[in-house]
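Colleague: Next comes protein_11.cif, mmCIF, C-alpha atoms and all ligand atoms:
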```cif
data_coords
loop_
_atom_site.label_atom_id
_atom_site.label_comp_id
_atom_site.auth_asym_id
_atom_site.auth_seq_id
_atom_site.Cartn_x
_atom_site.Cartn_y
_atom_site.Cartn_z
CA MET A 1 0.87 8.35 -6.37
CA THR A 2 -0.77 6.74 -9.36
CA THR A 3 -3.97 7.72 -11.15
CA ILE A 4 -6.39 4.82 -10.96
CA ALA A 5 -9.55 4.28 -13.02
CA ILE A 6 -12.83 5.24 -11.32
CA PRO A 7 -14.20 2.13 -9.56
CA LYS A 8 -17.10 0.54 -11.44
CA TYR A 9 -18.17 -1.47 -8.37
CA SER A 10 -19.58 -0.20 -5.07
CA TYR A 11 -19.36 -1.73 -1.60
CA SER A 12 -23.08 -1.19 -1.00
CA SER A 13 -24.15 -3.10 -4.11
CA ILE A 14 -21.70 -5.91 -3.29
CA LEU A 15 -23.15 -6.12 0.25
CA ASN A 16 -26.67 -6.26 -1.22
CA ASP A 17 -25.71 -9.12 -3.54
CA ALA A 18 -23.86 -11.01 -0.78
CA ALA A 19 -26.96 -10.81 1.44
CA LYS A 20 -28.98 -12.75 -1.17
CA ILE A 21 -26.65 -15.81 -0.92
CA GLY A 22 -26.90 -18.00 2.16
CA TRP A 23 -25.79 -21.61 1.73
CA ARG A 24 -24.06 -23.72 4.38
CA VAL A 25 -21.43 -26.44 3.85
CA GLN A 26 -23.84 -29.16 5.02
CA ASP A 27 -26.31 -28.07 2.31
CA LEU A 28 -23.81 -29.14 -0.35
CA ILE A 29 -22.04 -32.26 0.93
CA GLY A 30 -22.72 -34.99 3.50
CA ALA A 31 -23.80 -38.60 3.96
CA ASP A 32 -27.10 -37.90 2.16
CA LYS A 33 -25.28 -36.30 -0.81
CA PRO A 34 -22.61 -38.79 -1.92
CA LEU A 35 -20.29 -38.22 -4.88
CA ASP A 36 -21.27 -40.29 -7.93
CA PHE A 37 -18.12 -42.10 -9.06
CA THR A 38 -19.85 -43.42 -12.20
CA LYS A 39 -19.72 -39.86 -13.61
CA PRO A 40 -16.90 -37.38 -14.33
CA PHE A 41 -16.42 -34.74 -11.63
CA LEU A 42 -14.98 -32.10 -13.93
CA PRO A 43 -15.91 -31.21 -17.53
CA GLU A 44 -13.50 -32.09 -20.30
CA ALA A 45 -12.80 -28.36 -20.74
CA ILE A 46 -11.05 -28.43 -17.33
CA ALA A 47 -9.74 -32.01 -16.97
CA HIS A 48 -8.72 -32.98 -20.57
CA THR A 49 -8.62 -36.72 -19.80
CA GLN A 50 -10.42 -38.00 -22.92
CA ALA A 51 -7.59 -36.85 -25.19
CA ILE A 52 -5.18 -39.32 -23.56
CA SER A 53 -4.96 -42.19 -26.08
CA CYS A 54 -3.03 -44.62 -23.85
CA LEU A 55 -5.87 -44.79 -21.29
CA ALA A 56 -9.05 -46.86 -21.63
CA PRO A 57 -12.34 -44.96 -21.01
CA ASP A 58 -12.63 -46.26 -17.44
CA GLU A 59 -9.03 -45.18 -16.74
CA GLN A 60 -9.77 -41.73 -18.21
CA LEU A 61 -12.73 -41.51 -15.81
CA THR A 62 -10.48 -42.45 -12.87
CA LEU A 63 -8.01 -39.72 -13.86
CA ASN A 64 -10.93 -37.26 -14.06
CA HIS A 65 -11.80 -38.19 -10.46
CA ILE A 66 -8.16 -37.68 -9.41
CA ARG A 67 -8.33 -34.24 -11.08
CA GLY A 68 -11.51 -33.54 -9.11
CA ASN A 69 -9.68 -34.31 -5.90
CA SER A 70 -6.72 -32.10 -6.81
CA TYR A 71 -9.18 -29.31 -7.71
CA LEU A 72 -10.56 -29.47 -4.17
CA HIS A 73 -7.08 -29.41 -2.73
CA LEU A 74 -5.73 -26.62 -4.95
CA PHE A 75 -8.68 -24.31 -4.31
CA GLY A 76 -8.56 -25.02 -0.57
CA LEU A 77 -4.85 -24.26 -0.70
CA VAL A 78 -5.07 -20.88 -2.48
CA GLU A 79 -7.84 -19.82 -0.12
CA GLU A 80 -5.37 -20.28 2.74
CA PHE A 81 -3.42 -17.27 1.46
CA ILE A 82 -6.48 -15.32 0.29
CA LEU A 83 -7.98 -15.37 3.80
CA PRO A 84 -5.01 -13.62 5.53
CA LEU A 85 -4.70 -11.19 2.59
CA VAL A 86 -8.29 -10.07 3.15
CA VAL A 87 -7.99 -9.95 6.95
CA ASN A 88 -4.85 -7.80 6.62
CA HIS A 89 -6.67 -5.53 4.17
CA VAL A 90 -9.44 -4.92 6.71
CA GLN A 91 -6.77 -3.72 9.16
CA PHE A 92 -5.22 -1.59 6.40
CA ILE A 93 -8.46 0.27 5.55
CA GLY A 94 -9.76 0.64 9.14
CA CYS A 95 -13.32 1.79 9.86
CA ASP A 96 -13.55 5.04 7.87
CA ASN A 97 -15.54 3.32 5.15
CA ILE A 98 -17.59 0.96 7.28
CA GLU A 99 -19.38 -0.63 4.31
CA ALA A 100 -15.97 -1.57 2.91
CA ALA A 101 -14.92 -3.10 6.24
CA GLN A 102 -18.20 -5.02 6.42
CA ALA A 103 -17.83 -6.29 2.85
CA TYR A 104 -14.23 -7.50 3.37
CA LEU A 105 -15.14 -9.18 6.68
CA GLY A 106 -17.96 -11.01 4.87
CA PHE A 107 -15.45 -11.99 2.18
CA ALA A 108 -13.08 -13.44 4.85
CA GLU A 109 -15.92 -15.32 6.55
CA GLU A 110 -17.02 -16.83 3.22
CA GLU A 111 -13.47 -17.80 2.32
CA SER A 112 -13.06 -19.67 5.62
CA LYS A 113 -16.38 -21.43 4.83
CA HIS A 114 -15.00 -22.37 1.39
CA ILE A 115 -11.86 -23.91 2.96
CA HIS A 116 -14.21 -26.01 5.12
CA LEU A 117 -16.30 -26.89 2.04
CA PHE A 118 -13.31 -28.08 0.02
CA ARG A 119 -12.03 -30.14 2.97
CA GLN A 120 -15.44 -31.82 3.40
CA PHE A 121 -15.58 -32.66 -0.32
CA ALA A 122 -12.00 -34.03 -0.10
CA ALA A 123 -13.03 -36.26 2.83
CA ALA A 124 -16.04 -37.53 0.81
CA PHE A 125 -13.71 -38.15 -2.12
CA ALA A 126 -11.24 -40.19 -0.02
CA ALA A 127 -14.10 -42.25 1.45
CA GLY A 128 -15.49 -43.11 -1.99
CA PHE A 129 -12.22 -43.45 -3.93
CA GLY A 130 -10.63 -45.80 -1.41
CA PHE A 131 -7.39 -43.96 -0.67
CA ARG A 132 -6.03 -40.43 -0.36
CA CYS A 133 -4.34 -39.23 -3.55
CA GLY A 134 -1.04 -37.34 -3.34
CA VAL A 135 -1.31 -33.55 -3.36
CA ILE A 136 1.22 -30.72 -3.27
CA GLY A 137 1.84 -28.79 -0.10
CA PRO A 138 1.64 -28.39 2.77
CA PRO A 139 -0.77 -25.46 2.19
CA LYS A 140 0.83 -23.36 4.95
CA ALA A 141 4.27 -23.52 3.27
CA ILE A 142 2.74 -22.39 -0.04
CA ALA A 143 0.76 -19.62 1.68
CA ASP A 144 3.91 -18.46 3.51
CA PHE A 145 5.80 -18.23 0.19
CA VAL A 146 2.99 -16.29 -1.50
CA LEU A 147 2.42 -13.90 1.43
CA GLN A 148 6.05 -12.78 1.53
CA HIS A 149 5.31 -10.77 -1.63
CA SER A 150 3.74 -7.30 -1.73
CA PRO A 151 0.01 -7.04 -0.85
CA LEU A 152 -0.72 -5.68 -4.35
CA GLY A 153 1.10 -8.62 -5.98
CA VAL A 154 -0.90 -11.10 -3.86
CA ALA A 155 -4.13 -9.17 -4.53
CA LEU A 156 -3.51 -9.49 -8.29
CA VAL A 157 -3.06 -13.26 -7.92
CA THR A 158 -6.30 -13.35 -5.92
CA LEU A 159 -8.13 -11.29 -8.55
CA HIS A 160 -6.91 -13.78 -11.19
CA ILE A 161 -8.07 -16.80 -9.13
CA GLU A 162 -11.52 -15.46 -8.30
CA TRP A 163 -12.39 -14.45 -11.88
CA MET A 164 -11.04 -17.85 -12.95
CA SER A 165 -13.65 -19.57 -10.77
CA GLN A 166 -16.31 -17.96 -12.99
CA GLN A 167 -14.82 -19.77 -16.00
CA HIS A 168 -14.90 -23.07 -14.08
CA PHE A 169 -18.57 -22.52 -13.21
CA LEU A 170 -19.38 -21.75 -16.86
CA ASP A 171 -17.45 -24.81 -18.12
CA SER A 172 -19.20 -27.14 -15.63
CA VAL A 173 -22.72 -25.83 -15.33
CA ARG A 174 -23.51 -23.64 -18.35
CA ASN A 175 -21.35 -24.80 -21.26
CA HIS A 176 -20.60 -28.45 -20.52
CA HIS A 177 -21.54 -29.69 -24.03
CA GLY A 178 -24.01 -32.29 -22.77
CA GLU A 179 -21.56 -34.06 -20.46
CA SER A 180 -23.32 -35.89 -17.62
CA LEU A 181 -21.27 -34.69 -14.65
CA ASP A 182 -21.54 -35.56 -10.95
CA PRO A 183 -24.29 -33.26 -9.59
CA GLN A 184 -22.44 -32.66 -6.28
CA PHE A 185 -19.37 -31.33 -8.07
CA CYS A 186 -21.51 -29.10 -10.31
CA SER A 187 -23.26 -27.82 -7.20
CA LEU A 188 -19.89 -27.09 -5.58
CA LEU A 189 -18.71 -25.03 -8.56
CA LYS A 190 -22.04 -23.19 -8.80
CA HIS A 191 -22.29 -22.29 -5.12
CA HIS A 192 -18.63 -21.38 -4.92
CA TRP A 193 -18.99 -18.96 -7.85
CA GLN A 194 -22.12 -17.40 -6.29
CA GLU A 195 -19.86 -16.00 -3.55
CA GLU A 196 -16.73 -15.57 -5.64
CA ALA A 197 -18.74 -13.17 -7.83
CA GLN A 198 -18.67 -10.73 -4.89
CA HIS A 199 -15.04 -11.55 -4.04
CA ALA A 200 -13.83 -10.83 -7.57
CA ARG A 201 -15.42 -7.37 -7.44
CA LEU A 202 -13.95 -6.74 -3.97
CA ASP A 203 -10.53 -7.81 -5.28
CA THR A 204 -10.88 -5.19 -8.00
CA LEU A 205 -11.59 -2.53 -5.37
CA MET A 206 -8.75 -3.84 -3.17
CA VAL A 207 -6.28 -3.63 -6.07
CA GLN A 208 -7.38 -0.06 -6.75
CA ASP A 209 -7.17 0.87 -3.03
CA LEU A 210 -3.67 -0.56 -2.68
CA ALA A 211 -2.44 0.98 -5.95
CA LYS A 212 -3.61 4.46 -4.90
CA THR A 213 -0.90 4.49 -2.22
CA LEU A 214 1.92 3.40 -4.58
CA ASP A 215 4.12 5.10 -7.18
CA SER A 216 4.63 3.57 -10.61
CA ALA A 217 7.86 1.77 -9.61
CA ALA A 218 6.07 0.04 -6.73
CA ILE A 219 3.23 -0.98 -9.07
CA GLU A 220 5.72 -2.49 -11.53
CA ALA A 221 7.35 -4.34 -8.59
CA ALA A 222 3.92 -5.71 -7.60
CA ILE A 223 3.41 -6.97 -11.16
CA ASP A 224 6.82 -8.66 -10.91
CA ASP A 225 5.52 -10.27 -7.70
CA TYR A 226 2.38 -11.46 -9.50
CA ILE A 227 4.52 -13.05 -12.24
CA ALA A 228 6.85 -14.67 -9.67
CA ILE A 229 3.89 -16.20 -7.80
CA ILE A 230 2.36 -17.46 -11.07
CA GLN A 231 5.67 -19.11 -12.04
CA TYR A 232 5.85 -20.67 -8.56
CA LEU A 233 2.29 -21.99 -8.86
CA ASN A 234 3.15 -23.35 -12.32
CA GLU A 235 5.95 -25.44 -10.80
CA GLY A 236 3.45 -26.66 -8.18
CA LEU A 237 0.98 -27.70 -10.91
CA LYS A 238 3.70 -29.66 -12.71
CA ALA A 239 4.53 -31.44 -9.44
CA GLN A 240 0.80 -32.18 -9.02
CA VAL A 241 0.74 -33.91 -12.43
CA GLN A 242 3.47 -36.32 -11.26
CA LEU A 243 1.48 -37.08 -8.09
CA ASP A 244 -1.67 -37.62 -10.19
CA ILE A 245 0.15 -40.16 -12.38
CA ALA A 246 1.28 -42.08 -9.28
CA SER A 247 -2.30 -42.04 -7.91
CA LEU A 248 -3.62 -43.22 -11.29
CA GLU A 249 -1.20 -46.18 -11.38
CA GLN A 250 -2.30 -47.19 -7.89
CA ALA A 251 -6.01 -46.85 -8.72
CA ILE A 252 -5.94 -48.74 -12.04
CA GLY A 253 -3.51 -51.37 -10.74
CA ARG A 254 -0.97 -51.24 -13.55
CA THR A 255 2.43 -49.64 -14.07
CA LEU A 256 2.40 -47.23 -16.98
CA ALA A 257 5.11 -47.44 -19.65
CA ALA A 258 7.48 -44.45 -20.00
CA THR A 259 5.78 -43.42 -23.26
CA GLU A 260 2.36 -43.55 -21.56
CA ARG A 261 3.59 -41.46 -18.65
CA ASP A 262 5.03 -38.92 -21.12
CA GLU A 263 1.72 -38.64 -22.99
CA ILE A 264 -0.27 -38.16 -19.78
CA ARG A 265 2.25 -35.65 -18.37
CA GLU A 266 2.27 -33.55 -21.54
CA ILE A 267 -1.54 -33.35 -21.85
CA GLN A 268 -2.12 -32.86 -18.13
CA GLU A 269 0.51 -30.15 -17.63
CA LEU A 270 -1.11 -28.08 -20.36
CA SER A 271 -4.55 -28.88 -18.93
CA TYR A 272 -3.63 -27.62 -15.45
CA GLN A 273 -1.96 -24.54 -16.93
CA LYS A 274 -5.05 -23.69 -19.01
CA ALA A 275 -7.46 -24.32 -16.11
CA PHE A 276 -5.55 -22.53 -13.34
CA LEU A 277 -3.24 -20.02 -15.05
CA GLY A 278 -4.37 -19.13 -18.59
CA SER A 279 -8.07 -18.86 -17.73
CA GLY A 280 -7.35 -16.26 -15.04
CA MET A 281 -4.68 -14.33 -16.96
CA THR A 282 -6.96 -13.95 -20.00
CA HIS A 283 -10.22 -13.23 -18.13
CA PRO A 284 -11.42 -9.90 -19.58
CA ASN A 285 -12.08 -8.37 -16.14
CA PHE A 286 -8.61 -9.33 -14.89
CA VAL A 287 -7.05 -7.94 -18.09
CA GLN A 288 -8.99 -4.67 -17.73
CA THR A 289 -7.91 -4.13 -14.12
CA VAL A 290 -4.23 -4.77 -14.91
CA GLN A 291 -4.34 -2.55 -18.01
CA ASP A 292 -5.81 0.25 -15.88
CA LEU A 293 -2.87 -0.17 -13.47
CA SER A 294 -0.05 -0.31 -16.00
CA ALA A 295 0.08 -0.82 -19.77
CA THR A 296 3.71 -1.99 -19.60
CA GLY A 297 2.93 -4.29 -16.67
CA TYR A 298 0.09 -5.85 -18.64
CA ALA A 299 2.43 -6.35 -21.61
CA ARG A 300 4.81 -8.31 -19.36
CA ILE A 301 1.96 -10.54 -18.14
CA SER A 302 0.62 -10.97 -21.66
CA ALA A 303 4.04 -12.14 -22.84
CA ILE A 304 3.90 -15.22 -20.59
CA THR A 305 0.18 -15.92 -21.05
CA LYS A 306 0.70 -17.83 -24.34
CA ALA A 307 2.61 -20.58 -22.52
CA PHE A 308 -0.45 -21.23 -20.35
CA SER A 309 -3.36 -21.10 -22.78
FE FE B 401 -13.58 -19.26 -2.35
FE FE B 402 -13.07 -16.09 -2.93
#
```
Kindly transcribe the structure held in the file into structure tokens.
Ligand SMILES: [Fe+2]
Ligand SMILES: [Fe+2]

Modeller:
Amino acid sequence: MTTIAIPKYSYSSILNDAAKIGWRVQDLIGADKPLDFTKPFLPEAIAHTQAISCLAPDEQLTLNHIRGNSYLHLFGLVEEFILPLVVNHVQFIGCDNIEAAQAYLGFAEEESKHIHLFRQFAAAFAAGFGFRCGVIGPPKAIADFVLQHSPLGVALVTLHIEWMSQQHFLDSVRNHHGESLDPQFCSLLKHHWQEEAQHARLDTLMVQDLAKTLDSAAIEAAIDDYIAIIQYLNEGLKAQVQLDIASLEQAIGRTLAATERDEIREIQELSYQKAFLGSGMTHPNFVQTVQDLSATGYARISAITKAFS
């Protein structure tokens, strides 16, 4: 057994906070709330399209929209392995702590709502953009790969992702440096974070619950699982960049030169890695939870963080 830090979050306070949030998918997207394709969907801090010198401003905006679409797809995709993780955890903990069971069931219900939300936004995107952009997947194959790892390894990836969504909310809504972004996308990131704020705290408790049953060797193995999943997701992000370039060529109606493709690939690979890997791995609350689990495990994660930030 491993000694775990005293939890700083409680199920009752998380349930109280969750009860204050009550939006529905149709409140955020629908025929009366179209996406505004004259504006960027994502802030420059996430999409990094304005640094691409070979693209004209209107082409940079189109790539930003393609990044918005892949954001919807990638978040919908990771939530397809988060949902079974949480459902399995409810079975693992049983009914002894009924507030915990209630909180995790609420978490699962919200995550299924988020999958629906991202799919509805993706449908609105396809209708406005004119065609469906290529995306990695299928989601089930990616979820199957991730879920073959230990529950603690998958819970650490989930903790990373849910704290990361706080950074995306801050970049889009709080610290967007005056950028005039599409209001529907900003609303998506804001409302998503409102519920992820509870999920991230539940992930912290889940990690601590799972770790309590493990010895130090099993915890190190779970950190190896976390790193293996992150490396796998990194390969997926690089594949997504190639699909984005193909979508961009189709949308702007010109074939890019090899040097232009290289410039876009280089900037966009680092952009995806910062947005989806580095921002989670360096989030102070993620770092604290991993350090509480294992100082050597954290050192192994920290060693690969530089490549993604
Ligand atoms: Fe979510
Ligand atoms: Fe979540």

Colleague: Using only C-alpha atoms and all ligand atoms, find each residue in chain A having at least one atom no more than 12 Å away from ligand FE 401 (chain B); report its shortest atom-to-atom pair and that distance in Å (one decimal), rows by chain then rising number, as a Markdown table.

Modeller:
```
| residue | atom | partner | partner_atom | distance |
| --- | --- | --- | --- | --- |
| A:Leu72 | CA | B:FE401 | FE | 10.8 |
| A:Leu74 | CA | B:FE401 | FE | 11.1 |
| A:Phe75 | CA | B:FE401 | FE | 7.3 |
| A:Gly76 | CA | B:FE401 | FE | 7.8 |
| A:Leu77 | CA | B:FE401 | FE | 10.2 |
| A:Val78 | CA | B:FE401 | FE | 8.7 |
| A:Glu79 | CA | B:FE401 | FE | 6.2 |
| A:Glu80 | CA | B:FE401 | FE | 9.7 |
| A:Phe81 | CA | B:FE401 | FE | 11.0 |
| A:Ile82 | CA | B:FE401 | FE | 8.5 |
| A:Leu83 | CA | B:FE401 | FE | 9.2 |
| A:Val86 | CA | B:FE401 | FE | 11.9 |
| A:Gly106 | CA | B:FE401 | FE | 11.8 |
| A:Phe107 | CA | B:FE401 | FE | 8.8 |
| A:Ala108 | CA | B:FE401 | FE | 9.3 |
| A:Glu109 | CA | B:FE401 | FE | 10.0 |
| A:Glu110 | CA | B:FE401 | FE | 7.0 |
| A:Glu111 | CA | B:FE401 | FE | 4.9 |
| A:Ser112 | CA | B:FE401 | FE | 8.0 |
| A:Lys113 | CA | B:FE401 | FE | 8.0 |
| A:His114 | CA | B:FE401 | FE | 5.1 |
| A:Ile115 | CA | B:FE401 | FE | 7.3 |
| A:His116 | CA | B:FE401 | FE | 10.1 |
| A:Leu117 | CA | B:FE401 | FE | 9.2 |
| A:Phe118 | CA | B:FE401 | FE | 9.1 |
| A:Thr158 | CA | B:FE401 | FE | 10.0 |
| A:Leu159 | CA | B:FE401 | FE | 11.5 |
| A:Ile161 | CA | B:FE401 | FE | 9.1 |
| A:Glu162 | CA | B:FE401 | FE | 7.4 |
| A:Trp163 | CA | B:FE401 | FE | 10.7 |
| A:Met164 | CA | B:FE401 | FE | 11.0 |
| A:Ser165 | CA | B:FE401 | FE | 8.4 |
| A:Gln166 | CA | B:FE401 | FE | 11.1 |
| A:Leu188 | CA | B:FE401 | FE | 10.6 |
| A:Leu189 | CA | B:FE401 | FE | 9.9 |
| A:Lys190 | CA | B:FE401 | FE | 11.3 |
| A:His191 | CA | B:FE401 | FE | 9.6 |
| A:His192 | CA | B:FE401 | FE | 6.0 |
| A:Trp193 | CA | B:FE401 | FE | 7.7 |
| A:Gln194 | CA | B:FE401 | FE | 9.6 |
| A:Glu195 | CA | B:FE401 | FE | 7.2 |
| A:Glu196 | CA | B:FE401 | FE | 5.9 |
| A:Ala197 | CA | B:FE401 | FE | 9.7 |
| A:Gln198 | CA | B:FE401 | FE | 10.3 |
| A:His199 | CA | B:FE401 | FE | 8.0 |
| A:Ala200 | CA | B:FE401 | FE | 9.9 |
```

Colleague: From the options A:Ile304, A:Leu42, A:Ile136, A:Leu243, which residue's atoms come nearest to Tyr226 of chain A, counting all atoms listed in the file?

Modeller: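 Closest residue, counting all atoms listed in the file: A:Ile304.
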
Colleague: Need to verify the contact set: Glu179 of chain A, 9 Å, only C-alpha atoms, exclusion of same-chain residues closer than 2 positions in sequence. Can you return it as number ranges by chain?

Modeller: A: 40, 43-44, 172, 176-177, 181

Colleague: Please produce an output containing C-alpha atoms for each residue in the selection, written as a compact mmCIF listing (two decimals), in the coordinates of the input.

Modeller:
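Output file out.txt follows:
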```txt
# COMPACT_ATOMS: atom_id res chain seq x y z
CA PRO A 40 -16.90 -37.38 -14.33
CA PRO A 43 -15.91 -31.21 -17.53
CA GLU A 44 -13.50 -32.09 -20.30
CA SER A 172 -19.20 -27.14 -15.63
CA HIS A 176 -20.60 -28.45 -20.52
CA HIS A 177 -21.54 -29.69 -24.03
CA LEU A 181 -21.27 -34.69 -14.65
```

Colleague: Write out as a list of chain:residue names the residues lying within 12 Å of Val135 of chain A, counting only C-alpha atoms and excluding same-chain residues fewer than 3 positions away.

Modeller: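 Within the cut-off, the hits are A:Ile66, A:Arg67, A:Gly68, A:Asn69, A:Ser70, A:Tyr71, A:Leu72, A:His73, A:Leu74, A:Phe75, A:Gly76, A:Leu77, A:Ala122, A:Arg132, A:Pro138, A:Pro139, A:Gly236, A:Leu237, A:Lys238, A:Ala239, A:Gln240, A:Val241, A:Gln242, A:Leu243, A:Asp244, A:Ile245, A:Ala246, A:Ser247.
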
Colleague: Extract, using only C-alpha atoms, all DNA, RNA and protein residues at most 9 Å from Gln120 of chain A, discarding same-chain residues fewer than 4 positions from it, and format them as a list of chain:residue names.

Modeller: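 Counting only the stated atoms, we get A:Val25, A:Gln26, A:Ile29, A:Gly30, A:Ile115, A:His116, A:Ala124, A:Phe125.
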
Colleague: Restricting the calculation to all atoms listed in the file, which member of A:Ala18, A:Leu270, A:Lys39, A:Leu63 is positioned closest to Leu105 of chain A?

Modeller: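 Distance minimum relative to Leu105 of chain A lands on A:Ala18.
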
Colleague: List every protein, DNA or RNA residue with an atom no more than 12 Å from (-5.4, -46.5, -0.3) in the file's coordinates, counting all atoms listed in the file, and format the result as a list in words.

Modeller: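 Residues found, by chain and rising number: Phe125, Ala126, Ala127, Gly128, Phe129, Gly130, Phe131, Arg132, Cys133, Gly134, Ser247, Leu248, Glu249, Gln250, Ala251, Ile252 and Gly253 of chain A.
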
Colleague: As an exercise, work out the distance from atom CA of Val154 of chain A to atom CA of Glu235 of chain A in Å and give it to one decimal place.

Modeller: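 Atom CA of Glu235 of chain A lies 17.3 Å from atom CA of Val154 of chain A.
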
Colleague: Leaving out Leu156 of chain A and any residue of its chain fewer than 3 positions from it, which residues lie within 12 Å of it when counting only C-alpha atoms, given as a PyMOL selection string?

Modeller: chain A and resi 82+85+146+149-153+159-163+200+202-208+210-211+219+222-230+280-281+285-291+293+297-298+301

Colleague: Since we have the selection now, will you write its residues out, keeping C-alpha atoms, as a PDB file, in the frame of the given file?

Modeller:
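Produced file again-v9.pdb, reproduced below:
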```pdb
ATOM      1  CA  ILE A  82      -6.480 -15.320   0.290  1.00  0.00           C
ATOM      2  CA  LEU A  85      -4.700 -11.190   2.590  1.00  0.00           C
ATOM      3  CA  VAL A 146       2.990 -16.290  -1.500  1.00  0.00           C
ATOM      4  CA  HIS A 149       5.310 -10.770  -1.630  1.00  0.00           C
ATOM      5  CA  SER A 150       3.740  -7.300  -1.730  1.00  0.00           C
ATOM      6  CA  PRO A 151       0.010  -7.040  -0.850  1.00  0.00           C
ATOM      7  CA  LEU A 152      -0.720  -5.680  -4.350  1.00  0.00           C
ATOM      8  CA  GLY A 153       1.100  -8.620  -5.980  1.00  0.00           C
ATOM      9  CA  LEU A 159      -8.130 -11.290  -8.550  1.00  0.00           C
ATOM     10  CA  HIS A 160      -6.910 -13.780 -11.190  1.00  0.00           C
ATOM     11  CA  ILE A 161      -8.070 -16.800  -9.130  1.00  0.00           C
ATOM     12  CA  GLU A 162     -11.520 -15.460  -8.300  1.00  0.00           C
ATOM     13  CA  TRP A 163     -12.390 -14.450 -11.880  1.00  0.00           C
ATOM     14  CA  ALA A 200     -13.830 -10.830  -7.570  1.00  0.00           C
ATOM     15  CA  LEU A 202     -13.950  -6.740  -3.970  1.00  0.00           C
ATOM     16  CA  ASP A 203     -10.530  -7.810  -5.280  1.00  0.00           C
ATOM     17  CA  THR A 204     -10.880  -5.190  -8.000  1.00  0.00           C
ATOM     18  CA  LEU A 205     -11.590  -2.530  -5.370  1.00  0.00           C
ATOM     19  CA  MET A 206      -8.750  -3.840  -3.170  1.00  0.00           C
ATOM     20  CA  VAL A 207      -6.280  -3.630  -6.070  1.00  0.00           C
ATOM     21  CA  GLN A 208      -7.380  -0.060  -6.750  1.00  0.00           C
ATOM     22  CA  LEU A 210      -3.670  -0.560  -2.680  1.00  0.00           C
ATOM     23  CA  ALA A 211      -2.440   0.980  -5.950  1.00  0.00           C
ATOM     24  CA  ILE A 219       3.230  -0.980  -9.070  1.00  0.00           C
ATOM     25  CA  ALA A 222       3.920  -5.710  -7.600  1.00  0.00           C
ATOM     26  CA  ILE A 223       3.410  -6.970 -11.160  1.00  0.00           C
ATOM     27  CA  ASP A 224       6.820  -8.660 -10.910  1.00  0.00           C
ATOM     28  CA  ASP A 225       5.520 -10.270  -7.700  1.00  0.00           C
ATOM     29  CA  TYR A 226       2.380 -11.460  -9.500  1.00  0.00           C
ATOM     30  CA  ILE A 227       4.520 -13.050 -12.240  1.00  0.00           C
ATOM     31  CA  ALA A 228       6.850 -14.670  -9.670  1.00  0.00           C
ATOM     32  CA  ILE A 229       3.890 -16.200  -7.800  1.00  0.00           C
ATOM     33  CA  ILE A 230       2.360 -17.460 -11.070  1.00  0.00           C
ATOM     34  CA  GLY A 280      -7.350 -16.260 -15.040  1.00  0.00           C
ATOM     35  CA  MET A 281      -4.680 -14.330 -16.960  1.00  0.00           C
ATOM     36  CA  ASN A 285     -12.080  -8.370 -16.140  1.00  0.00           C
ATOM     37  CA  PHE A 286      -8.610  -9.330 -14.890  1.00  0.00           C
ATOM     38  CA  VAL A 287      -7.050  -7.940 -18.090  1.00  0.00           C
ATOM     39  CA  GLN A 288      -8.990  -4.670 -17.730  1.00  0.00           C
ATOM     40  CA  THR A 289      -7.910  -4.130 -14.120  1.00  0.00           C
ATOM     41  CA  VAL A 290      -4.230  -4.770 -14.910  1.00  0.00           C
ATOM     42  CA  GLN A 291      -4.340  -2.550 -18.010  1.00  0.00           C
ATOM     43  CA  LEU A 293      -2.870  -0.170 -13.470  1.00  0.00           C
ATOM     44  CA  GLY A 297       2.930  -4.290 -16.670  1.00  0.00           C
ATOM     45  CA  TYR A 298       0.090  -5.850 -18.640  1.00  0.00           C
ATOM     46  CA  ILE A 301       1.960 -10.540 -18.140  1.00  0.00           C
TER      47      ILE A 301
END
```

Colleague: Please identify all polymer residues within 9 Å of Glu99 of chain A, counting all atoms listed in the file, omitting same-chain residues fewer than 4 positions from it, and present them as an MDAnalysis selection string.

Modeller: chainID A and resid 11:12 15 95 103:104

Colleague: Restricting the calculation to only C-alpha atoms and all ligand atoms, which member of A:Pro84, A:Thr296, A:Cys186, A:Asp96 is positioned closest to ligand FE 402 (chain B)?

Modeller: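 For ligand FE 402 (chain B), the nearest of the given residues is A:Pro84.
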
Colleague: Check the smallest atom-to-atom distance from each of A:Ala45, A:Ala141, A:Ala56, A:Val157 to Arg174 of chain A using all atoms listed in the file, then report the winner.

Modeller: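 Once distances to Arg174 of chain A are computed over all atoms listed in the file, the minimum belongs to A:Ala45.
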